[in-house]
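Asks: I'm passing along model14.pdb; it holds PDB, C-alpha atoms.
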```pdb
ATOM      1  CA  MET A   1       0.000   0.000   0.000
ATOM      2  CA  ASN A   2       1.331   3.409  -0.981
ATOM      3  CA  ILE A   3       2.476   5.832   1.676
ATOM      4  CA  GLU A   4       1.671   9.476   1.092
ATOM      5  CA  VAL A   5       4.478  11.964   1.743
ATOM      6  CA  LYS A   6       3.063  15.205   3.096
ATOM      7  CA  VAL A   7       4.541  18.642   3.708
ATOM      8  CA  PRO A   8       5.555  18.388   7.367
ATOM      9  CA  HIS A   9       4.855  20.904  10.077
ATOM     10  CA  LEU A  10       7.885  23.179   9.760
ATOM     11  CA  GLY A  11       7.315  25.440  12.713
ATOM     12  CA  ALA A  12       5.065  28.010  14.295
ATOM     13  CA  GLY A  13       3.761  30.466  11.721
ATOM     14  CA  VAL A  14       5.159  28.544   8.768
ATOM     15  CA  GLU A  15       2.081  27.543   6.779
ATOM     16  CA  LYS A  16       3.411  27.604   3.227
ATOM     17  CA  ALA A  17       6.651  26.869   1.432
ATOM     18  CA  ARG A  18       7.912  26.918  -2.124
ATOM     19  CA  VAL A  19       9.194  23.786  -3.860
ATOM     20  CA  THR A  20      12.712  24.757  -4.886
ATOM     21  CA  PHE A  21      14.199  21.397  -5.855
ATOM     22  CA  ILE A  22      12.968  17.867  -6.483
ATOM     23  CA  TYR A  23      15.495  15.121  -5.827
ATOM     24  CA  CYS A  24      13.338  12.194  -6.992
ATOM     25  CA  GLU A  25      11.373  11.006 -10.007
ATOM     26  CA  PRO A  26       8.567   8.471 -10.347
ATOM     27  CA  GLY A  27      10.070   4.984 -10.320
ATOM     28  CA  ASP A  28      13.198   5.970  -8.346
ATOM     29  CA  THR A  29      14.270   3.684  -5.553
ATOM     30  CA  VAL A  30      14.872   5.613  -2.338
ATOM     31  CA  LYS A  31      16.116   4.765   1.117
ATOM     32  CA  GLN A  32      14.516   5.872   4.361
ATOM     33  CA  ASP A  33      15.548   9.458   5.273
ATOM     34  CA  ALA A  34      16.807  10.241   1.772
ATOM     35  CA  ASP A  35      16.089  13.826   0.706
ATOM     36  CA  LEU A  36      13.034  13.881  -1.601
ATOM     37  CA  PHE A  37      12.077  17.547  -1.971
ATOM     38  CA  GLU A  38      13.652  20.865  -1.054
ATOM     39  CA  LEU A  39      11.131  23.377   0.245
ATOM     40  CA  THR A  40      12.007  26.991   0.986
ATOM     41  CA  ALA A  41      10.252  29.060   3.619
ATOM     42  CA  ASP A  42      11.546  32.333   5.031
ATOM     43  CA  LYS A  43      15.316  31.970   4.781
ATOM     44  CA  ALA A  44      15.405  28.261   5.345
ATOM     45  CA  ALA A  45      15.606  25.480   2.817
ATOM     46  CA  PHE A  46      14.102  22.304   4.206
ATOM     47  CA  ASN A  47      14.739  18.894   2.684
ATOM     48  CA  VAL A  48      11.777  16.587   3.106
ATOM     49  CA  PRO A  49      13.059  13.135   4.038
ATOM     50  CA  SER A  50      11.635   9.880   2.776
ATOM     51  CA  PRO A  51       9.585   8.209   5.532
ATOM     52  CA  CYS A  52      10.595   4.723   4.332
ATOM     53  CA  SER A  53      12.632   2.792   1.808
ATOM     54  CA  GLY A  54      10.754   2.025  -1.378
ATOM     55  CA  ARG A  55       9.888   3.166  -4.864
ATOM     56  CA  ILE A  56       8.571   6.635  -5.736
ATOM     57  CA  GLY A  57       5.054   6.566  -7.172
ATOM     58  CA  GLU A  58       3.403   9.785  -8.268
ATOM     59  CA  VAL A  59       5.154  13.134  -7.764
ATOM     60  CA  LYS A  60       2.375  15.662  -7.271
ATOM     61  CA  VAL A  61       4.326  18.937  -7.304
ATOM     62  CA  SER A  62       6.660  20.825  -9.595
ATOM     63  CA  CYS A  63       9.508  23.201  -8.897
ATOM     64  CA  GLY A  64       8.155  26.655  -8.123
ATOM     65  CA  ASP A  65       4.853  25.380  -6.692
ATOM     66  CA  THR A  66       3.687  26.770  -3.375
ATOM     67  CA  VAL A  67       2.595  24.058  -0.964
ATOM     68  CA  SER A  68       0.900  24.107   2.425
ATOM     69  CA  VAL A  69       1.537  22.064   5.517
ATOM     70  CA  GLY A  70      -0.252  18.727   5.092
ATOM     71  CA  ASP A  71      -0.330  18.761   1.285
ATOM     72  CA  VAL A  72       0.537  15.421  -0.301
ATOM     73  CA  ILE A  73       3.648  15.869  -2.443
ATOM     74  CA  CYS A  74       4.344  12.312  -3.547
ATOM     75  CA  SER A  75       3.599   8.676  -2.865
ATOM     76  CA  ILE A  76       5.980   5.830  -2.118
ATOM     77  CA  LEU A  77       5.455   2.103  -2.483
ATOM     78  CA  PRO A  78       7.405   0.785   0.519
ATOM     79  CA  ASP A  79       9.759  -2.213   0.253
TER      80      ASP A  79
ATOM     81  CA  MET B   1      19.958  11.853  26.543
ATOM     82  CA  GLU B   2      23.169  13.785  27.078
ATOM     83  CA  GLU B   3      23.757  16.377  24.401
ATOM     84  CA  VAL B   4      27.229  17.077  23.085
ATOM     85  CA  LEU B   5      28.439  20.154  21.256
ATOM     86  CA  ARG B   6      31.556  19.851  19.133
ATOM     87  CA  VAL B   7      33.163  23.198  18.390
ATOM     88  CA  ILE B   8      35.300  23.527  15.294
ATOM     89  CA  ASP B   9      37.325  26.593  14.337
ATOM     90  CA  LEU B  10      38.314  26.319  10.694
ATOM     91  CA  GLY B  11      40.006  29.736  10.624
ATOM     92  CA  ARG B  12      40.227  31.271   7.147
ATOM     93  CA  THR B  13      39.017  28.726   4.637
ATOM     94  CA  SER B  14      37.270  28.389   1.311
ATOM     95  CA  PHE B  15      33.503  28.156   1.108
ATOM     96  CA  ASP B  16      33.798  24.723  -0.529
ATOM     97  CA  ALA B  17      36.033  23.334   2.222
ATOM     98  CA  ALA B  18      33.666  24.597   4.918
ATOM     99  CA  LEU B  19      30.695  23.059   3.118
ATOM    100  CA  ARG B  20      32.493  19.705   2.995
ATOM    101  CA  VAL B  21      33.040  19.863   6.755
ATOM    102  CA  GLN B  22      29.391  20.788   7.305
ATOM    103  CA  LYS B  23      28.262  17.769   5.297
ATOM    104  CA  GLU B  24      30.527  15.452   7.272
ATOM    105  CA  CYS B  25      29.128  16.876  10.500
ATOM    106  CA  LEU B  26      25.584  16.630   9.175
ATOM    107  CA  ALA B  27      26.020  12.925   8.426
ATOM    108  CA  GLU B  28      27.249  12.370  11.992
ATOM    109  CA  ALA B  29      24.560  14.473  13.643
ATOM    110  CA  ALA B  30      21.740  12.900  11.607
ATOM    111  CA  GLY B  31      22.532   9.540  13.176
ATOM    112  CA  ASN B  32      22.858  10.944  16.682
ATOM    113  CA  PRO B  33      20.015  13.145  17.965
ATOM    114  CA  GLY B  34      22.121  14.534  20.857
ATOM    115  CA  LEU B  35      25.048  15.675  18.748
ATOM    116  CA  HIS B  36      25.521  19.245  17.519
ATOM    117  CA  PHE B  37      28.374  21.127  15.892
ATOM    118  CA  LEU B  38      29.313  24.793  15.844
ATOM    119  CA  ILE B  39      31.672  25.564  12.992
ATOM    120  CA  PHE B  40      33.403  28.953  13.032
ATOM    121  CA  CYS B  41      35.347  30.340  10.117
ATOM    122  CA  SER B  42      35.856  33.241   7.771
ATOM    123  CA  HIS B  43      35.986  32.830   4.033
ATOM    124  CA  HIS B  44      38.076  33.791   1.085
ATOM    125  CA  PRO B  45      35.879  36.187  -0.924
ATOM    126  CA  VAL B  46      32.843  34.441  -2.366
ATOM    127  CA  ILE B  47      29.344  35.394  -3.465
ATOM    128  CA  THR B  48      26.738  32.766  -2.702
ATOM    129  CA  CYS B  49      23.302  32.451  -4.233
ATOM    130  CA  GLY B  50      20.578  30.785  -2.164
ATOM    131  CA  THR B  51      17.353  29.163  -3.312
ATOM    132  CA  SER B  52      15.517  32.512  -3.611
ATOM    133  CA  HIS B  53      18.195  34.418  -5.518
ATOM    134  CA  ARG B  54      17.595  36.289  -8.762
ATOM    135  CA  ALA B  55      20.357  36.610 -11.352
ATOM    136  CA  SER B  56      19.748  40.369 -11.426
ATOM    137  CA  ASP B  57      20.884  40.605  -7.789
ATOM    138  CA  ILE B  58      24.486  40.111  -8.917
ATOM    139  CA  LEU B  59      25.563  43.461 -10.300
ATOM    140  CA  ALA B  60      28.962  42.424 -11.684
ATOM    141  CA  ASP B  61      29.726  40.058 -14.548
ATOM    142  CA  HIS B  62      31.774  36.883 -14.146
ATOM    143  CA  ARG B  63      34.882  38.500 -15.619
ATOM    144  CA  THR B  64      34.803  41.279 -13.019
ATOM    145  CA  LEU B  65      34.340  38.790 -10.200
ATOM    146  CA  LYS B  66      37.224  36.708 -11.494
ATOM    147  CA  ALA B  67      39.480  39.762 -11.743
ATOM    148  CA  MET B  68      38.657  40.540  -8.116
ATOM    149  CA  ASN B  69      39.302  36.929  -7.053
ATOM    150  CA  ILE B  70      35.727  36.543  -5.891
ATOM    151  CA  ASP B  71      34.227  33.091  -6.372
ATOM    152  CA  LEU B  72      30.557  32.491  -7.135
ATOM    153  CA  ARG B  73      28.630  29.564  -5.699
ATOM    154  CA  TYR B  74      25.032  28.413  -6.042
ATOM    155  CA  VAL B  75      23.952  26.764  -2.823
ATOM    156  CA  ASN B  76      20.890  25.069  -1.379
ATOM    157  CA  ARG B  77      20.379  27.341   1.609
ATOM    158  CA  GLY B  78      17.398  29.605   1.947
ATOM    159  CA  GLY B  79      17.690  33.270   1.025
ATOM    160  CA  GLY B  80      19.063  35.285  -1.854
ATOM    161  CA  VAL B  81      22.497  36.563  -2.781
ATOM    162  CA  SER B  82      25.103  37.128  -0.104
ATOM    163  CA  TYR B  83      28.793  37.937   0.164
ATOM    164  CA  HIS B  84      31.281  36.163   2.421
ATOM    165  CA  GLY B  85      34.772  37.455   3.017
ATOM    166  CA  PRO B  86      37.710  37.558   5.389
ATOM    167  CA  GLY B  87      36.284  40.446   7.429
ATOM    168  CA  GLN B  88      33.368  38.429   8.759
ATOM    169  CA  ILE B  89      32.665  35.850  11.391
ATOM    170  CA  THR B  90      30.755  33.031   9.775
ATOM    171  CA  VAL B  91      29.035  30.439  11.927
ATOM    172  CA  TYR B  92      27.629  27.175  10.638
ATOM    173  CA  PRO B  93      25.528  25.547  13.363
ATOM    174  CA  VAL B  94      24.980  21.909  12.457
ATOM    175  CA  CYS B  95      22.291  21.174  15.002
ATOM    176  CA  ASN B  96      19.966  18.236  15.371
ATOM    177  CA  LEU B  97      16.489  19.674  15.827
ATOM    178  CA  ALA B  98      15.283  16.427  17.355
ATOM    179  CA  CYS B  99      16.660  17.875  20.610
ATOM    180  CA  LEU B 100      16.125  21.578  19.969
ATOM    181  CA  GLY B 101      12.537  21.382  18.723
ATOM    182  CA  ARG B 102      11.485  20.726  15.146
ATOM    183  CA  ASP B 103      10.631  24.317  14.339
ATOM    184  CA  ILE B 104      12.601  26.086  11.630
ATOM    185  CA  SER B 105      11.248  29.567  12.415
ATOM    186  CA  ARG B 106      12.207  29.161  16.079
ATOM    187  CA  PHE B 107      15.667  28.035  15.014
ATOM    188  CA  LEU B 108      16.054  31.106  12.781
ATOM    189  CA  GLY B 109      14.862  33.289  15.649
ATOM    190  CA  ARG B 110      17.486  31.789  17.939
ATOM    191  CA  LEU B 111      20.231  32.497  15.411
ATOM    192  CA  GLU B 112      19.135  36.136  15.340
ATOM    193  CA  GLU B 113      19.088  36.183  19.132
ATOM    194  CA  CYS B 114      22.698  34.919  19.238
ATOM    195  CA  VAL B 115      23.814  37.779  17.016
ATOM    196  CA  LEU B 116      21.807  40.353  18.990
ATOM    197  CA  ASP B 117      23.475  39.107  22.169
ATOM    198  CA  PHE B 118      26.922  39.159  20.528
ATOM    199  CA  LEU B 119      26.410  42.739  19.321
ATOM    200  CA  GLU B 120      25.069  43.843  22.672
ATOM    201  CA  SER B 121      28.359  42.785  24.286
ATOM    202  CA  PHE B 122      29.963  45.567  22.198
ATOM    203  CA  GLY B 123      27.236  48.066  23.053
ATOM    204  CA  VAL B 124      25.588  47.824  19.632
ATOM    205  CA  ALA B 125      21.810  48.079  19.666
ATOM    206  CA  ALA B 126      20.497  45.926  16.862
ATOM    207  CA  TYR B 127      17.141  44.390  16.122
ATOM    208  CA  ARG B 128      15.072  42.090  13.949
ATOM    209  CA  ARG B 129      12.692  43.127  11.228
ATOM    210  CA  GLU B 130       9.440  41.261  10.790
ATOM    211  CA  GLY B 131       9.559  39.035   7.722
ATOM    212  CA  LEU B 132      13.166  39.983   6.929
ATOM    213  CA  PRO B 133      15.453  37.431   8.587
ATOM    214  CA  GLY B 134      18.839  38.748   9.640
ATOM    215  CA  VAL B 135      19.991  41.396  12.096
ATOM    216  CA  TRP B 136      19.713  45.113  11.470
ATOM    217  CA  THR B 137      21.089  48.239  13.120
ATOM    218  CA  ASP B 138      18.341  50.393  11.599
ATOM    219  CA  ASN B 139      15.814  50.190   8.782
ATOM    220  CA  ARG B 140      18.400  50.285   6.015
ATOM    221  CA  ASN B 141      21.544  48.901   7.616
ATOM    222  CA  LYS B 142      21.993  45.181   7.942
ATOM    223  CA  ILE B 143      24.898  43.695   9.852
ATOM    224  CA  CYS B 144      24.186  39.977   9.717
ATOM    225  CA  SER B 145      22.827  37.716   7.007
ATOM    226  CA  ILE B 146      21.194  34.398   7.759
ATOM    227  CA  GLY B 147      20.445  31.533   5.415
ATOM    228  CA  VAL B 148      20.030  27.958   6.538
ATOM    229  CA  ALA B 149      19.064  24.554   5.248
ATOM    230  CA  PHE B 150      17.865  21.386   6.901
ATOM    231  CA  SER B 151      18.359  17.785   5.950
ATOM    232  CA  ARG B 152      16.823  15.062   8.122
ATOM    233  CA  TRP B 153      16.038  17.870  10.579
ATOM    234  CA  VAL B 154      19.709  18.728  10.950
ATOM    235  CA  SER B 155      20.652  22.301  10.127
ATOM    236  CA  PHE B 156      23.507  23.436   7.940
ATOM    237  CA  HIS B 157      24.670  26.710   6.387
ATOM    238  CA  GLY B 158      24.133  29.530   8.894
ATOM    239  CA  LEU B 159      25.035  33.159   9.400
ATOM    240  CA  SER B 160      27.684  35.769   8.717
ATOM    241  CA  VAL B 161      28.316  38.867  10.786
ATOM    242  CA  ASN B 162      30.261  41.699   9.190
ATOM    243  CA  ILE B 163      33.148  42.744  11.405
ATOM    244  CA  ARG B 164      35.880  44.620   9.550
ATOM    245  CA  SER B 165      35.086  47.823   7.654
ATOM    246  CA  ALA B 166      37.950  47.169   5.220
ATOM    247  CA  ASP B 167      36.076  44.213   3.732
ATOM    248  CA  MET B 168      32.762  45.841   2.865
ATOM    249  CA  GLN B 169      33.436  46.996  -0.707
ATOM    250  CA  PRO B 170      32.368  43.708  -2.408
ATOM    251  CA  TYR B 171      28.823  44.280  -1.187
ATOM    252  CA  SER B 172      28.570  46.905  -3.921
ATOM    253  CA  LEU B 173      28.639  44.006  -6.404
ATOM    254  CA  ILE B 174      25.360  42.527  -5.204
ATOM    255  CA  ARG B 175      21.898  43.371  -3.956
ATOM    256  CA  PRO B 176      22.188  41.620  -0.587
ATOM    257  CA  CYS B 177      19.201  39.330  -0.063
ATOM    258  CA  GLY B 178      17.603  40.923  -3.139
ATOM    259  CA  MET B 179      17.180  44.288  -1.431
ATOM    260  CA  ASP B 180      18.513  47.801  -1.887
ATOM    261  CA  ILE B 181      20.054  48.102   1.535
ATOM    262  CA  LYS B 182      23.345  49.092   3.046
ATOM    263  CA  MET B 183      25.422  46.503   4.816
ATOM    264  CA  THR B 184      27.152  47.732   7.929
ATOM    265  CA  CYS B 185      29.766  46.111  10.156
ATOM    266  CA  LEU B 186      30.777  45.905  13.794
ATOM    267  CA  GLU B 187      33.720  48.284  13.353
ATOM    268  CA  GLU B 188      31.380  50.972  11.990
ATOM    269  CA  GLU B 189      28.920  50.482  14.817
ATOM    270  CA  ALA B 190      31.466  50.001  17.617
ATOM    271  CA  PRO B 191      34.882  51.433  16.704
ATOM    272  CA  ARG B 192      36.532  49.778  19.723
ATOM    273  CA  ALA B 193      36.102  46.443  17.935
ATOM    274  CA  ARG B 194      39.046  47.502  15.740
ATOM    275  CA  GLU B 195      41.350  46.722  18.633
ATOM    276  CA  LEU B 196      40.007  43.230  19.141
ATOM    277  CA  ALA B 197      41.521  40.099  17.670
ATOM    278  CA  TYR B 198      39.444  37.608  15.724
ATOM    279  CA  SER B 199      39.887  35.074  18.554
ATOM    280  CA  VAL B 200      38.327  37.486  21.082
ATOM    281  CA  LEU B 201      35.364  38.152  18.833
ATOM    282  CA  LEU B 202      34.954  34.449  18.235
ATOM    283  CA  GLU B 203      34.887  33.760  21.957
ATOM    284  CA  GLU B 204      32.091  36.328  22.394
ATOM    285  CA  MET B 205      30.104  34.699  19.604
ATOM    286  CA  ARG B 206      30.605  31.290  21.126
ATOM    287  CA  LYS B 207      29.351  32.562  24.504
ATOM    288  CA  SER B 208      26.251  33.978  22.824
ATOM    289  CA  PHE B 209      25.462  30.651  21.153
ATOM    290  CA  LEU B 210      25.848  28.757  24.423
ATOM    291  CA  LYS B 211      23.637  31.276  26.239
ATOM    292  CA  VAL B 212      20.848  31.175  23.652
ATOM    293  CA  PHE B 213      20.829  27.525  22.549
ATOM    294  CA  TRP B 214      22.022  25.720  25.664
ATOM    295  CA  PRO B 215      21.293  27.981  28.663
ATOM    296  CA  ARG B 216      21.407  24.979  31.023
ATOM    297  CA  GLY B 217      24.812  23.933  29.742
ATOM    298  CA  ILE B 218      26.052  21.245  27.392
ATOM    299  CA  ARG B 219      29.131  19.049  27.236
ATOM    300  CA  ILE B 220      31.597  20.727  24.883
ATOM    301  CA  GLU B 221      34.267  18.990  22.875
ATOM    302  CA  GLU B 222      36.807  20.881  20.847
ATOM    303  CA  SER B 223      37.161  19.224  17.482
ATOM    304  CA  ARG B 224      39.700  19.532  14.687
ATOM    305  CA  ARG B 225      39.112  19.008  10.969
TER     306      ARG B 225
END
```
Taking this structure as input, can you express it in the form of structure tokens?

Replies:
Amino acid sequence: MNIEVKVPHLGAGVEKARVTFIYCEPGDTVKQDADLFELTADKAAFNVPSPCSGRIGEVKVSCGDTVSVGDVICSILPD
Amino acid sequence: MEEVLRVIDLGRTSFDAALRVQKECLAEAAGNPGLHFLIFCSHHPVITCGTSHRASDILADHRTLKAMNIDLRYVNRGGGVSYHGPGQITVYPVCNLACLGRDISRFLGRLEECVLDFLESFGVAAYRREGLPGVWTDNRNKICSIGVAFSRWVSFHGLSVNIRSADMQPYSLIRPCGMDIKMTCLEEEAPRARELAYSVLLEEMRKSFLKVFWPRGIRIEESRR
């Protein structure tokens, strides 16, 4: 069953972030904690880690998109 | 869990070498929630472009930068264009937020607080501006730039505080953080800082970090790289 990767809670008052880099593509094999997406909020770039090892399913965002906390950004089929 | 802070003074070093050290520290800290690093250094002249930079914020062409021996690097920290040079104190806190609270805005706020405390020890009144990370001495004069990144909830990159007035000219080659502002330095704000050695200034900065991040104390290990 696919696991949804969501924009994590980044801190008080940080509701939105911009996708500034995407490290993965659909079909990529990733390890747990690998960087999947770089989000930028304020003056911080935050790399969203993979919650598990597995294979990337759908990537739901593009570079430049603005995302909110809780938005699903990709899915992973765990090993 | 006992937390440990490893302090590293790289002295004058290149941006690339300092980034390599940060990544080594990050790999260690990511596997150990109680481990943090404070890396102090100053850089050979370099302009860095963060994730929010615009090409138009660099006002000189590559040939000019090369003639002035100023490197250009595109980096994955937050923020726009910044300058690093020998007249600054640069601090790269590689901190595991598992222990410090997983809150990037709080972390940024603490970095600003460290610099405010450091400046206060020289009698400089500085402050924050809402929505404009960094430390300012008034509405147009900025003294410290901040730009950080997080991987696996471990921070890297960090902050630079301008110290020496002789190293401010390269700021005319950029729009710092994408704004039309003036960068100031400690020597302009507190002339007595001219008499102080880099090691003295570094010690003050270190005290400020310990006071703000670890007010109840932490085991410190000096580390060499």

Asks: Which residues are near stretch 31-42 of chain A? Cut-off 6 Å, all atoms listed in the file, ignore same chain within fewer than 6 positions. Put them as a PyMOL selection string.

Replies: chain A and resi 17-24+48-53

Asks: Translate the ChimeraX specification (/B :<6) & /A into a concrete residue list for this structure, as an mmCIF file with C-alpha atoms, in the frame of the given file.

Replies:
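out25.cif written:
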```cif
data_model
loop_
_atom_site.group_PDB
_atom_site.id
_atom_site.type_symbol
_atom_site.label_atom_id
_atom_site.label_comp_id
_atom_site.auth_asym_id
_atom_site.auth_seq_id
_atom_site.Cartn_x
_atom_site.Cartn_y
_atom_site.Cartn_z
ATOM 1 C CA LEU A 10 7.885 23.179 9.760
ATOM 2 C CA GLY A 11 7.315 25.440 12.713
ATOM 3 C CA LYS A 43 15.316 31.970 4.781
ATOM 4 C CA ALA A 44 15.405 28.261 5.345
ATOM 5 C CA ALA A 45 15.606 25.480 2.817
ATOM 6 C CA PHE A 46 14.102 22.304 4.206
ATOM 7 C CA ASN A 47 14.739 18.894 2.684
ATOM 8 C CA PRO A 49 13.059 13.135 4.038
#
```

Asks: So the first atom is atom CA of B:Ala125 and the second is atom CA of B:Glu189; what is the distance between them in Å, to one decimal place?

Replies: 8.9 Å

Asks: Run through the PyMOL selection byres ((chain B and resi 161-164) around 6) on the given coordinates and return the selected residues as a list in words.

Replies: Gly87, Gln88, Ile89, Ile143, Cys144, Ser160, Ser165, Ala166, Asp167, Cys185, Leu186 and Glu187 of chain B

Asks: Residues picked by the PyMOL selection byres ((chain B and resi 171) around 12) here, as a PyMOL selection string?

Replies: chain B and resi 45-48+57-60+65+70+81-85+142-143+162+165-170+172-185

Asks: Interatomic distance between atom CA of B:Thr137 and atom CA of B:Gly109?

Replies: 16.4 Å

Asks: Please report the interatomic distance between atom CA of B:Arg206 and atom CA of B:Glu130 in Å with one decimal.

Replies: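 Taking atom CA of B:Arg206 as the start and atom CA of B:Glu130 as the end point, the length is 25.6 Å.
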
Asks: Quick one: residues within 7 Å of A:Glu58, only C-alpha atoms, excluding same-chain residues fewer than 4 positions away - as an MDAnalysis selection string?

Replies: chainID A and resid 26 74:75

Asks: Which residue, B:Ala98, B:Asp71, B:Gly11, B:Tyr198, has the smallest gap to B:Gly34 when you use only C-alpha atoms?

Replies: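 Checking each candidate against B:Gly34, we get B:Ala98 as the closest.
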
Asks: Nearest to A:Thr29 among A:Ile56, A:Pro78, A:Cys63, A:Val7, with distances taken over only C-alpha atoms: which residue is it?

Replies: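 Between A:Ile56, A:Pro78, A:Cys63, A:Val7, the residue approaching A:Thr29 most closely is A:Ile56.
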
Asks: For each of B:Met1, B:Ile218, B:Ala126, B:Ile39, take the minimum atom-to-atom distance to B:Ala17, counting all atoms listed in the file, then give the residue where this is smallest.

Replies: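 Comparing B:Met1, B:Ile218, B:Ala126, B:Ile39 against B:Ala17, the winner is B:Ile39.
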
Asks: Set the distance at 9 Å and use all atoms listed in the file: which residues neighbour B:Ala29 once local chain neighbours fewer than 6 positions away are removed? I'd like the list as a list in words.

Replies: Leu35, His36, Phe37, Val94, Cys95, Asn96 and Val154 of chain B

Asks: Kindly export the residues of the current selection with C-alpha atoms, as a compact mmCIF listing (two decimals), in the frame of the given file.

Replies:
```
# COMPACT_ATOMS: atom_id res chain seq x y z
CA LEU B 35 25.05 15.68 18.75
CA HIS B 36 25.52 19.24 17.52
CA PHE B 37 28.37 21.13 15.89
CA VAL B 94 24.98 21.91 12.46
CA CYS B 95 22.29 21.17 15.00
CA ASN B 96 19.97 18.24 15.37
CA VAL B 154 19.71 18.73 10.95
```

Asks: As JSON, please report the centre and edge lengths, rounded to one decimal in Å, of the axis-aligned box that holds all listed atoms of stretch 32-44 of chain A with 3 Å of padding on each of the six sides.

Replies:
```
{"center_x": 13.5, "center_y": 19.1, "center_z": 1.7, "size_x": 12.6, "size_y": 32.5, "size_z": 13.3}
```

Asks: Tell me, as a list in words, which residues lie within 9 Å of stretch 213-216 of chain B, counting all atoms listed in the file; anything in the same chain fewer than 4 positions away does not count.

Replies: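 Final neighbour list, sorted by chain and number: Leu100, Arg110, Leu111, Cys114, Ser208 and Phe209 of chain B.
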
Asks: Looking at B:Glu120, B:Asp16, B:Glu28, B:Asp61, which one is nearest to B:Glu204, with distances taken over all atoms listed in the file?

Replies: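 Distance minimum relative to B:Glu204 lands on B:Glu120.
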
Asks: Under the rule that all atoms listed in the file are counted, which of A:Glu15, A:Met1, A:Lys6, A:Ile76 is the nearest residue to A:Val61?

Replies: A:Lys6

Asks: For B:Leu26, which residue out of B:Ala55, B:Val75, B:Leu196, B:Leu38 is the nearest one, using only C-alpha atoms?

Replies: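 Counting only C-alpha atoms, the residue closest to B:Leu26 is B:Leu38.
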